[in-house]
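Q: Provided herewith: data-v5.pdb, PDB, C-alpha atoms.
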```pdb
ATOM      1  CA  MET O   1      66.191 144.920-218.600
ATOM      2  CA  LYS O   2      62.990 142.989-218.289
ATOM      3  CA  ASN O   3      62.959 142.336-214.542
ATOM      4  CA  ASN O   4      59.876 144.228-213.350
ATOM      5  CA  LEU O   5      56.279 143.142-212.805
ATOM      6  CA  ILE O   6      53.755 145.534-214.338
ATOM      7  CA  LEU O   7      50.156 145.439-213.110
ATOM      8  CA  ILE O   8      47.404 146.614-215.455
ATOM      9  CA  GLY O   9      43.642 146.573-215.069
ATOM     10  CA  MET O  10      40.570 148.635-214.357
ATOM     11  CA  PRO O  11      40.564 151.247-211.589
ATOM     12  CA  ALA O  12      39.777 149.552-208.260
ATOM     13  CA  ALA O  13      41.015 146.159-209.518
ATOM     14  CA  GLY O  14      43.599 146.258-206.723
ATOM     15  CA  LYS O  15      46.767 147.216-208.635
ATOM     16  CA  SER O  16      48.155 149.589-206.000
ATOM     17  CA  THR O  17      47.096 147.615-202.930
ATOM     18  CA  LEU O  18      48.226 144.300-204.371
ATOM     19  CA  GLY O  19      51.371 145.923-205.793
ATOM     20  CA  VAL O  20      52.597 147.073-202.388
ATOM     21  CA  LEU O  21      51.969 143.653-200.827
ATOM     22  CA  LEU O  22      53.553 141.819-203.765
ATOM     23  CA  ALA O  23      56.624 144.075-203.682
ATOM     24  CA  LYS O  24      57.061 143.351-199.958
ATOM     25  CA  ARG O  25      56.680 139.604-200.510
ATOM     26  CA  LEU O  26      59.223 139.574-203.369
ATOM     27  CA  ALA O  27      61.585 142.163-201.833
ATOM     28  CA  LEU O  28      61.156 144.462-204.841
ATOM     29  CA  ASP O  29      60.616 148.211-205.103
ATOM     30  CA  PHE O  30      57.087 149.522-205.622
ATOM     31  CA  ILE O  31      56.172 152.218-208.148
ATOM     32  CA  ASP O  32      52.713 153.658-208.798
ATOM     33  CA  THR O  33      52.569 155.490-212.132
ATOM     34  CA  ASP O  34      49.495 157.474-211.041
ATOM     35  CA  LEU O  35      51.500 158.884-208.121
ATOM     36  CA  LEU O  36      54.417 159.708-210.436
ATOM     37  CA  LEU O  37      52.016 161.501-212.778
ATOM     38  CA  GLN O  38      50.384 163.453-209.928
ATOM     39  CA  ARG O  39      53.759 164.546-208.586
ATOM     40  CA  ARG O  40      54.974 165.507-212.053
ATOM     41  CA  MET O  41      51.859 167.559-212.846
ATOM     42  CA  GLY O  42      51.238 168.932-209.352
ATOM     43  CA  LEU O  43      47.580 167.905-209.551
ATOM     44  CA  ARG O  44      45.430 164.980-208.481
ATOM     45  CA  LEU O  45      44.165 162.775-211.310
ATOM     46  CA  HIS O  46      40.601 164.075-211.300
ATOM     47  CA  GLN O  47      41.917 167.660-211.229
ATOM     48  CA  MET O  48      44.070 166.994-214.306
ATOM     49  CA  ILE O  49      41.115 165.520-216.173
ATOM     50  CA  ASN O  50      38.764 168.331-215.153
ATOM     51  CA  LEU O  51      41.218 171.195-215.766
ATOM     52  CA  LYS O  52      43.187 169.954-218.763
ATOM     53  CA  GLY O  53      40.866 167.456-220.461
ATOM     54  CA  LEU O  54      41.268 163.824-221.462
ATOM     55  CA  HIS O  55      43.681 164.455-224.341
ATOM     56  CA  SER O  56      46.159 166.383-222.175
ATOM     57  CA  PHE O  57      45.792 163.861-219.364
ATOM     58  CA  ARG O  58      46.576 160.947-221.681
ATOM     59  CA  ALA O  59      49.566 162.780-223.189
ATOM     60  CA  ALA O  60      50.958 163.441-219.694
ATOM     61  CA  GLU O  61      50.319 159.841-218.682
ATOM     62  CA  GLU O  62      52.114 158.567-221.784
ATOM     63  CA  GLN O  63      55.109 160.817-221.079
ATOM     64  CA  THR O  64      55.263 159.484-217.524
ATOM     65  CA  LEU O  65      55.304 155.910-218.857
ATOM     66  CA  LEU O  66      57.956 156.645-221.492
ATOM     67  CA  THR O  67      60.324 158.169-218.940
ATOM     68  CA  LEU O  68      59.930 155.287-216.497
ATOM     69  CA  ASP O  69      63.308 153.653-215.923
ATOM     70  CA  CYS O  70      63.497 151.106-213.133
ATOM     71  CA  GLN O  71      64.666 147.635-212.282
ATOM     72  CA  GLN O  72      63.366 144.978-209.932
ATOM     73  CA  ALA O  73      60.097 146.704-209.122
ATOM     74  CA  VAL O  74      56.403 146.029-209.021
ATOM     75  CA  ILE O  75      54.759 148.763-211.084
ATOM     76  CA  ALA O  76      51.086 149.608-210.556
ATOM     77  CA  THR O  77      49.774 151.516-213.561
ATOM     78  CA  GLY O  78      46.801 153.764-214.073
ATOM     79  CA  GLY O  79      43.785 152.073-215.607
ATOM     80  CA  SER O  80      44.064 154.130-218.802
ATOM     81  CA  VAL O  81      47.670 153.221-219.734
ATOM     82  CA  ILE O  82      46.358 150.794-222.352
ATOM     83  CA  TYR O  83      45.351 153.736-224.539
ATOM     84  CA  SER O  84      49.035 154.443-225.220
ATOM     85  CA  PRO O  85      50.618 151.885-227.575
ATOM     86  CA  ALA O  86      54.012 153.579-227.126
ATOM     87  CA  GLY O  87      53.667 153.516-223.350
ATOM     88  CA  MET O  88      52.625 149.873-223.352
ATOM     89  CA  ALA O  89      55.523 148.942-225.639
ATOM     90  CA  HIS O  90      57.896 150.631-223.191
ATOM     91  CA  LEU O  91      56.335 148.808-220.242
ATOM     92  CA  ALA O  92      56.665 145.487-222.119
ATOM     93  CA  GLN O  93      60.395 146.186-222.478
ATOM     94  CA  LEU O  94      60.660 146.789-218.737
ATOM     95  CA  GLY O  95      58.958 143.631-217.524
ATOM     96  CA  ARG O  96      56.167 141.105-217.474
ATOM     97  CA  ILE O  97      52.666 142.560-217.792
ATOM     98  CA  LEU O  98      50.011 141.058-215.522
ATOM     99  CA  TYR O  99      46.341 141.890-216.055
ATOM    100  CA  LEU O 100      44.332 141.928-212.835
ATOM    101  CA  GLU O 101      40.957 140.902-214.206
ATOM    102  CA  ILE O 102      37.788 141.888-212.358
ATOM    103  CA  SER O 103      34.146 141.507-213.377
ATOM    104  CA  LEU O 104      31.976 144.515-214.126
ATOM    105  CA  GLU O 105      29.748 143.608-211.168
ATOM    106  CA  GLN O 106      32.682 143.542-208.737
ATOM    107  CA  LEU O 107      34.056 146.745-210.252
ATOM    108  CA  ALA O 108      30.749 148.583-209.799
ATOM    109  CA  ARG O 109      30.720 147.578-206.114
ATOM    110  CA  ARG O 110      34.272 148.876-205.599
ATOM    111  CA  LEU O 111      33.908 152.133-207.520
ATOM    112  CA  ASP O 112      31.445 154.452-205.887
ATOM    113  CA  ASP O 113      32.695 157.804-207.208
ATOM    114  CA  CYS O 114      34.538 157.671-210.532
ATOM    115  CA  GLY O 115      34.980 161.455-210.656
ATOM    116  CA  GLN O 116      36.914 161.787-207.405
ATOM    117  CA  ARG O 117      39.000 158.725-208.106
ATOM    118  CA  GLY O 118      40.297 160.100-211.401
ATOM    119  CA  VAL O 119      38.807 157.450-213.649
ATOM    120  CA  VAL O 120      39.462 158.462-217.253
ATOM    121  CA  MET O 121      36.040 158.448-218.891
ATOM    122  CA  ALA O 122      34.610 160.380-221.780
ATOM    123  CA  PRO O 123      31.653 162.648-220.960
ATOM    124  CA  GLY O 124      28.482 160.560-220.853
ATOM    125  CA  GLN O 125      30.366 157.266-220.866
ATOM    126  CA  SER O 126      29.051 154.669-218.416
ATOM    127  CA  LEU O 127      31.175 152.324-216.350
ATOM    128  CA  ALA O 128      29.816 149.414-218.434
ATOM    129  CA  ASP O 129      30.865 151.203-221.648
ATOM    130  CA  LEU O 130      34.320 151.863-220.242
ATOM    131  CA  TYR O 131      34.670 148.249-219.128
ATOM    132  CA  ALA O 132      33.640 146.952-222.565
ATOM    133  CA  GLU O 133      36.090 149.337-224.260
ATOM    134  CA  ARG O 134      39.088 148.557-222.059
ATOM    135  CA  THR O 135      38.805 144.810-221.441
ATOM    136  CA  PRO O 136      40.000 143.775-224.945
ATOM    137  CA  LEU O 137      42.948 146.183-224.630
ATOM    138  CA  TYR O 138      44.016 144.770-221.261
ATOM    139  CA  ARG O 139      43.833 141.263-222.700
ATOM    140  CA  ARG O 140      45.847 142.298-225.769
ATOM    141  CA  TYR O 141      48.752 143.591-223.696
ATOM    142  CA  ALA O 142      48.685 141.013-220.882
ATOM    143  CA  GLU O 143      51.316 138.309-220.705
ATOM    144  CA  VAL O 144      49.537 136.839-217.685
ATOM    145  CA  MET O 145      45.883 137.191-216.680
ATOM    146  CA  ILE O 146      44.985 136.938-212.993
ATOM    147  CA  SER O 147      41.324 136.570-211.994
ATOM    148  CA  CYS O 148      40.642 138.683-208.902
ATOM    149  CA  ASP O 149      36.908 138.174-208.328
ATOM    150  CA  GLY O 150      36.025 136.623-204.988
ATOM    151  CA  ARG O 151      39.665 136.157-203.995
ATOM    152  CA  GLU O 152      41.703 137.506-201.095
ATOM    153  CA  MET O 153      44.861 139.478-201.832
ATOM    154  CA  THR O 154      46.971 136.685-200.323
ATOM    155  CA  GLN O 155      45.472 134.163-202.772
ATOM    156  CA  ILE O 156      46.234 136.416-205.733
ATOM    157  CA  ILE O 157      49.783 137.052-204.513
ATOM    158  CA  ASP O 158      50.326 133.307-203.993
ATOM    159  CA  GLU O 159      49.223 132.686-207.605
ATOM    160  CA  ILE O 160      51.611 135.336-208.944
ATOM    161  CA  VAL O 161      54.510 134.017-206.855
ATOM    162  CA  ALA O 162      53.797 130.448-208.036
ATOM    163  CA  GLN O 163      53.892 131.656-211.646
ATOM    164  CA  LEU O 164      57.187 133.426-210.998
ATOM    165  CA  ASP O 165      58.592 130.245-209.480
ATOM    166  CA  SER O 166      57.866 128.404-212.715
ATOM    167  CA  HIS O 167      58.684 131.350-215.037
ATOM    168  CA  PRO O 168      61.116 133.652-213.203
ATOM    169  CA  LEU O 169      61.911 137.183-214.264
ATOM    170  CA  HIS O 170      65.339 137.452-215.835
ATOM    171  CA  GLU O 171      67.453 140.524-216.304
ATOM    172  CA  ASP O 172      68.402 139.447-219.828
ATOM    173  CA  ASP O 173      64.826 138.836-221.063
ATOM    174  CA  ARG O 174      64.049 140.920-224.113
TER     175      ARG O 174
END
```
Since I need it in another form, could you write the structure as structure tokens?
A:
Amino acid sequence: MKNNLILIGMPAAGKSTLGVLLAKRLALDFIDTDLLLQRRMGLRLHQMINLKGLHSFRAAEEQTLLTLDCQQAVIATGGSVIYSPAGMAHLAQLGRILYLEISLEQLARRLDDCGQRGVVMAPGQSLADLYAERTPLYRRYAEVMISCDGREMTQIIDEIVAQLDSHPLHEDDR
């Protein structure tokens, strides 16, 4: 049933923070796929990447997405979910995908230590390279794009709620 809201976007775009607040406002459950993955693997994100490598991390992330089964929830995803077409197809079946768009400049200010945060980057890849690689993928999968630069969380939530008022989630959407 397509009655969830799925938040995608770069790390530090606000998916988890906004997701919790949005879930409270809409009286929905909140799920963070990064937390599910960490619990499943028994490691923090950066530990998984460092110990198991990017390929294993992405395979574990995809498996976490494919086993996700929920209703009436706000789902905050990891920034790298867009690398899994199967995972994204499953998320699209579960609900409406919202891309929290943030500029590279704002992102660089928010992300001070990519390694400790568990940002999935290839060795030698810069934040600008990662941003350029991921942005077209986020846009491809997004049903709704929400600009987050220079806006308070309450403003972003109000915009999402207004969109839901005009295009509500329905259990029978396919």
Q: Just how far from CA of Thr67 (chain O) is CA of Met10 (chain O), in Å to one decimal?
A: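 Here the two named atoms are 22.4 Å from each other.
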Q: Give me, as an NGL selection string, all polymer residues having an atom no more than 8 Å from region 142-150 of chain O, counting only C-alpha atoms and skipping those fewer than 2 positions away in the same chain.
A: :O and (8 or 13 or 96-103 or 106 or 138-140 or 152 or 156 or 160)
Q: Translate the PyMOL selection byres ((chain O and resi 93-95) around 7) into a concrete residue list for this structure, as a VMD selection string.
A: chain O and resid 1 to 6 89 to 92 96 to 97 174
Q: Find the distance between CA of Met121 (chain O) and CA of Leu37 (chain O) and write it in Å to one decimal.
A: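 Value for the CA of Met121 (chain O)-CA of Leu37 (chain O) distance: 17.4 Å.
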Q: Give me, please, the distance in Å between CA of Ala12 (chain O) and CA of Met41 (chain O), quoted to one decimal.
A: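 Computing it gives 22.2 Å between the two atoms.
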Q: Would you compute, for all listed atoms of region 37-46 of chain O, the axis-aligned bounding box grown by 3 Å on each side, and then report its centre and edge lengths in Å rounded to one decimal, as lines of an AutoDock Vina configuration file?
A:
```
center_x = 47.8
center_y = 165.2
center_z = -210.7
size_x = 20.4
size_y = 13.4
size_z = 10.4
```
Q: Using all atoms listed in the file, which of the listed residues (O:Ser56, O:Leu45, O:Leu65, O:Pro11) sits closest to Thr33 (chain O)?
A: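 Closest candidate: O:Leu65.
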Q: Write out as a count of residues only which residues come within 9 Å of Ala128 (chain O) when counting only C-alpha atoms, dropping same-chain ones fewer than 5 positions away.
A: 3
Q: Determine the residue set returned by the PyMOL selection byres ((chain O and resi 74) around 8) for the present structure, and present it as a list in words.
A: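 Applied to this file, the PyMOL selection byres ((chain O and resi 74) around 8) returns Asn4, Leu5, Ile6, Leu7, Gly19, Val20, Leu22, Ala23, Leu28, Asp29, Phe30, Ile31, Gln72, Ala73, Ile75 and Ala76 of chain O.
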Q: Please write a file for region 1-134 of chain O, taken from the block I just shared, that holds C-alpha atoms and is laid out as an mmCIF file, in the first residue's frame.
A:
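The resulting file, part06.cif, is shown below:
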```cif
data_model
loop_
_atom_site.group_PDB
_atom_site.id
_atom_site.type_symbol
_atom_site.label_atom_id
_atom_site.label_comp_id
_atom_site.auth_asym_id
_atom_site.auth_seq_id
_atom_site.Cartn_x
_atom_site.Cartn_y
_atom_site.Cartn_z
ATOM 1 C CA MET O 1 0.000 0.000 0.000
ATOM 2 C CA LYS O 2 1.330 3.356 -1.018
ATOM 3 C CA ASN O 3 0.656 5.341 2.156
ATOM 4 C CA ASN O 4 4.146 6.284 3.356
ATOM 5 C CA LEU O 5 6.283 9.369 2.783
ATOM 6 C CA ILE O 6 9.854 8.538 1.785
ATOM 7 C CA LEU O 7 12.541 11.200 2.197
ATOM 8 C CA ILE O 8 15.618 11.036 -0.029
ATOM 9 C CA GLY O 9 18.535 13.415 -0.396
ATOM 10 C CA MET O 10 22.157 14.041 0.430
ATOM 11 C CA PRO O 11 23.526 13.312 3.905
ATOM 12 C CA ALA O 12 22.849 16.305 6.178
ATOM 13 C CA ALA O 13 19.911 17.471 4.025
ATOM 14 C CA GLY O 14 17.704 17.015 7.095
ATOM 15 C CA LYS O 15 15.938 13.722 6.293
ATOM 16 C CA SER O 16 16.071 12.296 9.820
ATOM 17 C CA THR O 17 15.460 15.540 11.704
ATOM 18 C CA LEU O 18 12.669 16.640 9.393
ATOM 19 C CA GLY O 19 11.285 13.088 9.276
ATOM 20 C CA VAL O 20 10.741 12.928 13.030
ATOM 21 C CA LEU O 21 9.033 16.335 13.090
ATOM 22 C CA LEU O 22 6.904 15.525 10.038
ATOM 23 C CA ALA O 23 5.842 12.174 11.511
ATOM 24 C CA LYS O 24 4.756 13.924 14.726
ATOM 25 C CA ARG O 25 2.824 16.569 12.786
ATOM 26 C CA LEU O 26 1.027 13.957 10.642
ATOM 27 C CA ALA O 27 0.611 11.368 13.430
ATOM 28 C CA LEU O 28 2.589 8.789 11.442
ATOM 29 C CA ASP O 29 5.316 6.353 12.469
ATOM 30 C CA PHE O 30 8.943 7.280 11.812
ATOM 31 C CA ILE O 31 11.508 4.898 10.319
ATOM 32 C CA ASP O 32 15.168 5.640 9.604
ATOM 33 C CA THR O 33 16.663 3.092 7.203
ATOM 34 C CA ASP O 34 20.210 3.925 8.346
ATOM 35 C CA LEU O 35 19.248 2.932 11.899
ATOM 36 C CA LEU O 36 17.630 -0.282 10.633
ATOM 37 C CA LEU O 37 20.805 -1.086 8.701
ATOM 38 C CA GLN O 38 23.052 -0.366 11.706
ATOM 39 C CA ARG O 39 20.941 -2.568 13.960
ATOM 40 C CA ARG O 40 20.845 -5.348 11.375
ATOM 41 C CA MET O 41 24.617 -5.296 10.816
ATOM 42 C CA GLY O 42 25.660 -4.499 14.388
ATOM 43 C CA LEU O 43 27.942 -1.719 13.148
ATOM 44 C CA ARG O 44 27.777 2.030 12.656
ATOM 45 C CA LEU O 45 27.664 3.188 9.035
ATOM 46 C CA HIS O 46 31.269 4.356 8.850
ATOM 47 C CA GLN O 47 32.403 1.086 10.468
ATOM 48 C CA MET O 48 30.545 -0.937 7.821
ATOM 49 C CA ILE O 49 32.134 1.078 5.028
ATOM 50 C CA ASN O 50 35.618 0.878 6.543
ATOM 51 C CA LEU O 51 35.469 -2.823 7.486
ATOM 52 C CA LYS O 52 33.401 -4.300 4.669
ATOM 53 C CA GLY O 53 33.853 -1.864 1.775
ATOM 54 C CA LEU O 54 31.410 0.062 -0.386
ATOM 55 C CA HIS O 55 30.119 -2.948 -2.331
ATOM 56 C CA SER O 56 29.159 -4.885 0.811
ATOM 57 C CA PHE O 57 27.689 -1.763 2.387
ATOM 58 C CA ARG O 58 25.485 -1.095 -0.642
ATOM 59 C CA ALA O 59 24.359 -4.739 -0.789
ATOM 60 C CA ALA O 60 23.379 -4.615 2.901
ATOM 61 C CA GLU O 61 21.614 -1.295 2.393
ATOM 62 C CA GLU O 62 19.671 -2.690 -0.566
ATOM 63 C CA GLN O 63 18.617 -5.743 1.458
ATOM 64 C CA THR O 64 17.398 -3.465 4.244
ATOM 65 C CA LEU O 65 15.301 -1.502 1.733
ATOM 66 C CA LEU O 66 13.865 -4.627 0.094
ATOM 67 C CA THR O 67 12.715 -6.060 3.420
ATOM 68 C CA LEU O 68 11.077 -2.815 4.525
ATOM 69 C CA ASP O 69 7.369 -3.404 5.085
ATOM 70 C CA CYS O 70 5.448 -0.596 6.738
ATOM 71 C CA GLN O 71 2.345 1.512 6.468
ATOM 72 C CA GLN O 72 1.568 5.090 7.400
ATOM 73 C CA ALA O 73 5.134 6.106 8.156
ATOM 74 C CA VAL O 74 7.635 8.779 7.311
ATOM 75 C CA ILE O 75 10.761 6.981 6.117
ATOM 76 C CA ALA O 76 14.133 8.741 6.219
ATOM 77 C CA THR O 77 16.572 6.954 3.928
ATOM 78 C CA GLY O 78 20.329 6.898 3.724
ATOM 79 C CA GLY O 79 21.808 9.235 1.144
ATOM 80 C CA SER O 80 23.095 6.338 -0.969
ATOM 81 C CA VAL O 81 19.768 4.500 -1.475
ATOM 82 C CA ILE O 82 19.542 5.927 -4.993
ATOM 83 C CA TYR O 83 22.301 3.561 -6.106
ATOM 84 C CA SER O 84 19.875 0.637 -5.780
ATOM 85 C CA PRO O 85 17.261 0.572 -8.564
ATOM 86 C CA ALA O 86 15.572 -2.424 -6.901
ATOM 87 C CA GLY O 87 15.502 -0.661 -3.545
ATOM 88 C CA MET O 88 14.112 2.516 -5.069
ATOM 89 C CA ALA O 89 11.440 0.563 -6.952
ATOM 90 C CA HIS O 90 10.394 -1.030 -3.659
ATOM 91 C CA LEU O 91 10.282 2.351 -1.926
ATOM 92 C CA ALA O 92 8.155 3.748 -4.786
ATOM 93 C CA GLN O 93 5.661 0.933 -4.161
ATOM 94 C CA LEU O 94 5.517 1.855 -0.479
ATOM 95 C CA GLY O 95 4.844 5.565 -0.841
ATOM 96 C CA ARG O 96 5.510 8.997 -2.239
ATOM 97 C CA ILE O 97 9.186 9.886 -2.653
ATOM 98 C CA LEU O 98 10.188 13.407 -1.627
ATOM 99 C CA TYR O 99 13.635 14.749 -2.497
ATOM 100 C CA LEU O 100 14.986 17.188 0.079
ATOM 101 C CA GLU O 101 17.140 19.332 -2.178
ATOM 102 C CA ILE O 102 20.094 21.228 -0.726
ATOM 103 C CA SER O 103 22.821 23.214 -2.476
ATOM 104 C CA LEU O 104 26.424 22.057 -2.469
ATOM 105 C CA GLU O 105 27.395 25.186 -0.518
ATOM 106 C CA GLN O 106 24.841 24.497 2.225
ATOM 107 C CA LEU O 107 25.824 20.826 2.267
ATOM 108 C CA ALA O 108 29.516 21.641 2.731
ATOM 109 C CA ARG O 109 28.632 23.846 5.721
ATOM 110 C CA ARG O 110 26.573 21.064 7.328
ATOM 111 C CA LEU O 111 28.994 18.207 6.695
ATOM 112 C CA ASP O 112 32.218 18.664 8.569
ATOM 113 C CA ASP O 113 33.374 15.039 8.819
ATOM 114 C CA CYS O 114 32.106 12.722 6.083
ATOM 115 C CA GLY O 115 34.066 9.744 7.432
ATOM 116 C CA GLN O 116 32.478 9.686 10.881
ATOM 117 C CA ARG O 117 29.025 10.348 9.515
ATOM 118 C CA GLY O 118 29.101 7.297 7.253
ATOM 119 C CA VAL O 119 28.850 9.134 3.958
ATOM 120 C CA VAL O 120 29.238 6.590 1.162
ATOM 121 C CA MET O 121 32.065 7.940 -0.979
ATOM 122 C CA ALA O 122 34.603 6.251 -3.177
ATOM 123 C CA PRO O 123 38.251 6.707 -2.156
ATOM 124 C CA GLY O 124 39.478 10.073 -3.413
ATOM 125 C CA GLN O 125 35.989 11.293 -4.272
ATOM 126 C CA SER O 126 35.252 14.877 -3.230
ATOM 127 C CA LEU O 127 31.982 16.122 -1.802
ATOM 128 C CA ALA O 128 31.456 18.132 -5.018
ATOM 129 C CA ASP O 129 31.974 14.966 -7.102
ATOM 130 C CA LEU O 130 29.531 13.048 -4.932
ATOM 131 C CA TYR O 131 26.968 15.841 -5.168
ATOM 132 C CA ALA O 132 27.272 15.977 -8.968
ATOM 133 C CA GLU O 133 26.923 12.183 -9.187
ATOM 134 C CA ARG O 134 23.902 11.867 -6.902
#
```
